[in-house]
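A.B. asks: Sharing a structure with you now.
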Amino acid sequence: MIVGTLNIREGCSTVKKRRIHQIITKGEADIFLMQETKLRICSVATARSVWRQDKVDFSASNSEGMSSGLITLWNARIMEVLFSFRGPGYLGIKVRWMNRIYYVCNVYSACTLTLKRVLWNKLLELQSSFCDGGERMGSSIGGGLAGWGEFSCFINDNGLIDVPCKWKKYSWFSGDSKHKSRIDQFLVFNNIINRWGIVGQLIGLRDISDHCPVWLVVVKEDWARSLSNSIMSGFNIRIS
């Protein structure tokens with residue numbers, strides 16, 4: 001399975017949607033998670049404008065005002081999504097793939113520590129309520145240094161693992177590139193790491209956003225060759 005994520009910082013322009021389509025296509029994504037869409041309504045036409053195939057399906061959490069908004073897209077040819085669930089700051093799907101169940105949660109954290117705590121507690125509740133969720137993975141936005149210790153506790157309490165980054169260390173850069181941070185990341189459960197052979201997450205090149213695309217990397221072939229190819233394109237990593 002190929003899973004990618006990108007905070008697109010508003011994706012309604014024709015140019016930006018075309019570029020997102022190129023990132024998804026070249027990355028050969030099976031699931032792609034987008035944050036900060038700033039779309040009040042995501043239509044079928046909008047979803048297919050960024051992933052142009054007839055079997056794409058999606059779930060969306062609409063933005064409120066000029067912030068947030070989440071979209072999760074998937075290739076309906078190879079997987080079945082049983083249901084979706086959403087709330088403030090998160091959008092999840094329950095996936096059946098190769099006769100196993102997975103939960104994928106697309107997360108965009110608020111900036112204030114109070115709202116972060118509300119979100120973390122809700123995600124902990126969801127983790128406990130999905131009793132068939134022996135297979136889970138998620139994409140999370142840490143949202144800065146405020147409350148980092150508490151966020152680390154959230155990761156530990158959930159039994160999640162922040163797998164190491166390959167190639168680049170930071171996923172967000174300010175306009176002048178003087179400030180940078182790793183606020184975009186995948187958090188996964190240990191059994192998925194072992195079953196899929198996950199070796200890390202790869203941060204691609206900054207392009208249409210001040211955030212970089214991030215890919216969950218599973219390598220069955222030569223890692224050096226794959227890494228070299230990824231540097232050339234910024235996002236062309238095969239996860240199988």
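By order in the structure tokens, chains are A, B, ...; within a chain, residues start at 1; ligands start at 1, following the order shown.
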Can you pull out the residues contacting Arg86 (chain A)? Cut-off 12 Å, using only C-alpha atoms, and skip same-chain residues under 3 positions away; I want them as a list in words.
C.D. replies: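 With the cut-off at 12 Å, the set is Ser59, Ala60, Ser61, Asn62, Gly69, Leu70, Ile71, Thr72, Phe83, Gly89, Tyr90, Leu91, Gly92, Ile93, Lys94, Val104, Cys105, Asn106, Val107, Tyr108, Leu119, Lys122, Leu123 and Leu126 of chain A.
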A.B. asks: Those same residues, written as a compact mmCIF listing (two decimals), in the first residue's frame with N, CA and C atoms?
C.D. replies:
```txt
# COMPACT_ATOMS: atom_id res chain seq x y z
N SER A 59 -13.47 10.97 1.51
CA SER A 59 -14.22 11.45 2.67
C SER A 59 -13.67 12.83 2.99
N ALA A 60 -14.52 13.73 3.44
CA ALA A 60 -14.08 15.09 3.67
C ALA A 60 -14.67 15.65 4.96
N SER A 61 -13.89 16.49 5.60
CA SER A 61 -14.34 17.28 6.73
C SER A 61 -14.18 18.74 6.33
N ASN A 62 -15.29 19.43 6.19
CA ASN A 62 -15.27 20.78 5.62
C ASN A 62 -14.66 21.79 6.59
N GLY A 69 -10.05 22.03 7.36
CA GLY A 69 -10.56 21.30 6.20
C GLY A 69 -9.67 20.11 5.89
N LEU A 70 -10.24 18.91 5.86
CA LEU A 70 -9.49 17.68 5.61
C LEU A 70 -10.14 16.89 4.49
N ILE A 71 -9.31 16.26 3.67
CA ILE A 71 -9.80 15.35 2.65
C ILE A 71 -8.93 14.10 2.67
N THR A 72 -9.57 12.94 2.67
CA THR A 72 -8.88 11.66 2.52
C THR A 72 -9.38 11.01 1.24
N PHE A 83 -16.42 2.46 6.58
CA PHE A 83 -17.11 3.68 7.03
C PHE A 83 -16.07 4.74 7.34
N GLY A 89 -10.88 18.46 13.99
CA GLY A 89 -9.46 18.18 13.87
C GLY A 89 -9.09 16.81 13.36
N TYR A 90 -10.04 15.93 13.08
CA TYR A 90 -9.69 14.60 12.59
C TYR A 90 -10.73 14.07 11.61
N LEU A 91 -10.26 13.21 10.72
CA LEU A 91 -11.10 12.55 9.72
C LEU A 91 -10.54 11.14 9.53
N GLY A 92 -11.33 10.13 9.86
CA GLY A 92 -10.83 8.77 9.81
C GLY A 92 -11.63 7.88 8.88
N ILE A 93 -10.99 6.79 8.45
CA ILE A 93 -11.66 5.77 7.65
C ILE A 93 -11.27 4.39 8.17
N LYS A 94 -12.23 3.47 8.07
CA LYS A 94 -11.97 2.06 8.38
C LYS A 94 -11.82 1.33 7.06
N VAL A 104 -7.25 4.47 9.39
CA VAL A 104 -6.38 5.56 8.95
C VAL A 104 -7.02 6.87 9.40
N CYS A 105 -6.28 7.64 10.16
CA CYS A 105 -6.83 8.88 10.71
C CYS A 105 -6.02 10.07 10.21
N ASN A 106 -6.69 10.97 9.54
CA ASN A 106 -6.12 12.19 8.99
C ASN A 106 -6.35 13.30 10.02
N VAL A 107 -5.27 13.89 10.54
CA VAL A 107 -5.37 14.80 11.68
C VAL A 107 -4.77 16.17 11.36
N TYR A 108 -5.49 17.22 11.76
CA TYR A 108 -4.94 18.57 11.70
C TYR A 108 -5.15 19.20 13.07
N LEU A 119 -8.33 17.35 21.39
CA LEU A 119 -8.15 16.45 20.25
C LEU A 119 -7.44 15.17 20.68
N LYS A 122 -9.75 12.91 22.52
CA LYS A 122 -10.73 12.28 21.64
C LYS A 122 -10.11 11.14 20.85
N LEU A 123 -8.90 11.33 20.37
CA LEU A 123 -8.23 10.27 19.62
C LEU A 123 -7.95 9.06 20.51
N LEU A 126 -11.19 7.19 20.68
CA LEU A 126 -11.43 6.44 19.44
C LEU A 126 -10.59 5.18 19.40
```
A.B. asks: Name the residues in contact with region 197-204 of chain A at a cut-off of 7 Å, using only C-alpha atoms, excluding same-chain residues fewer than 2 positions from it; report them as a ChimeraX atom specification.
C.D. replies: /A:163-168,171,193-195,206,212-219,234-235
A.B. asks: Looking only at alpha helix (DSSP H) from DSSP on the backbone, list the matching residues of region 54-201 of chain A as a count of residues only.
C.D. replies: 35
A.B. asks: Pick out the residues sitting within 12 Å of Lys16 (chain A), and hand them over as a list in words; count only C-alpha atoms, and ignore anything fewer than 5 positions along from it in its own chain.
C.D. replies: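 Non-adjacent residues within range: Ile8, Arg9, Glu10, Gly11, His21, Gln22, Ile23, Thr37, Thr46, Ser49, Val50, Asp207, Ile208 and Ser209 of chain A.
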A.B. asks: Tell me which protein, DNA and RNA residues are within 6 Å of Trp172 (chain A), counting only C-alpha atoms, leaving out same-chain ones fewer than 2 positions away, and put them as a list of chain:residue names.
C.D. replies: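 These residues fall inside the cut-off: A:Tyr170, A:Lys180, A:Ser181, A:Asp210, A:His211.
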A.B. asks: Report, in Å with one decimal, the straight-line distance from CA of Asp30 (chain A) to CA of Tyr103 (chain A).
C.D. replies: 14.3 Å
A.B. asks: For Trp51 (chain A), list every protein, DNA or RNA residue within 12 Å, evaluated using only C-alpha atoms, and leave out those in the same chain fewer than 6 positions away; present the list as a PyMOL selection string.
C.D. replies: chain A and resi 17-33+44-45+57-58+71-76
A.B. asks: Rounded to one decimal in Å, what is the spacing between CA of Thr5 (chain A) and CA of Gln185 (chain A)?
C.D. replies: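 Between CA of Thr5 (chain A) and CA of Gln185 (chain A) the gap works out to 8.4 Å.
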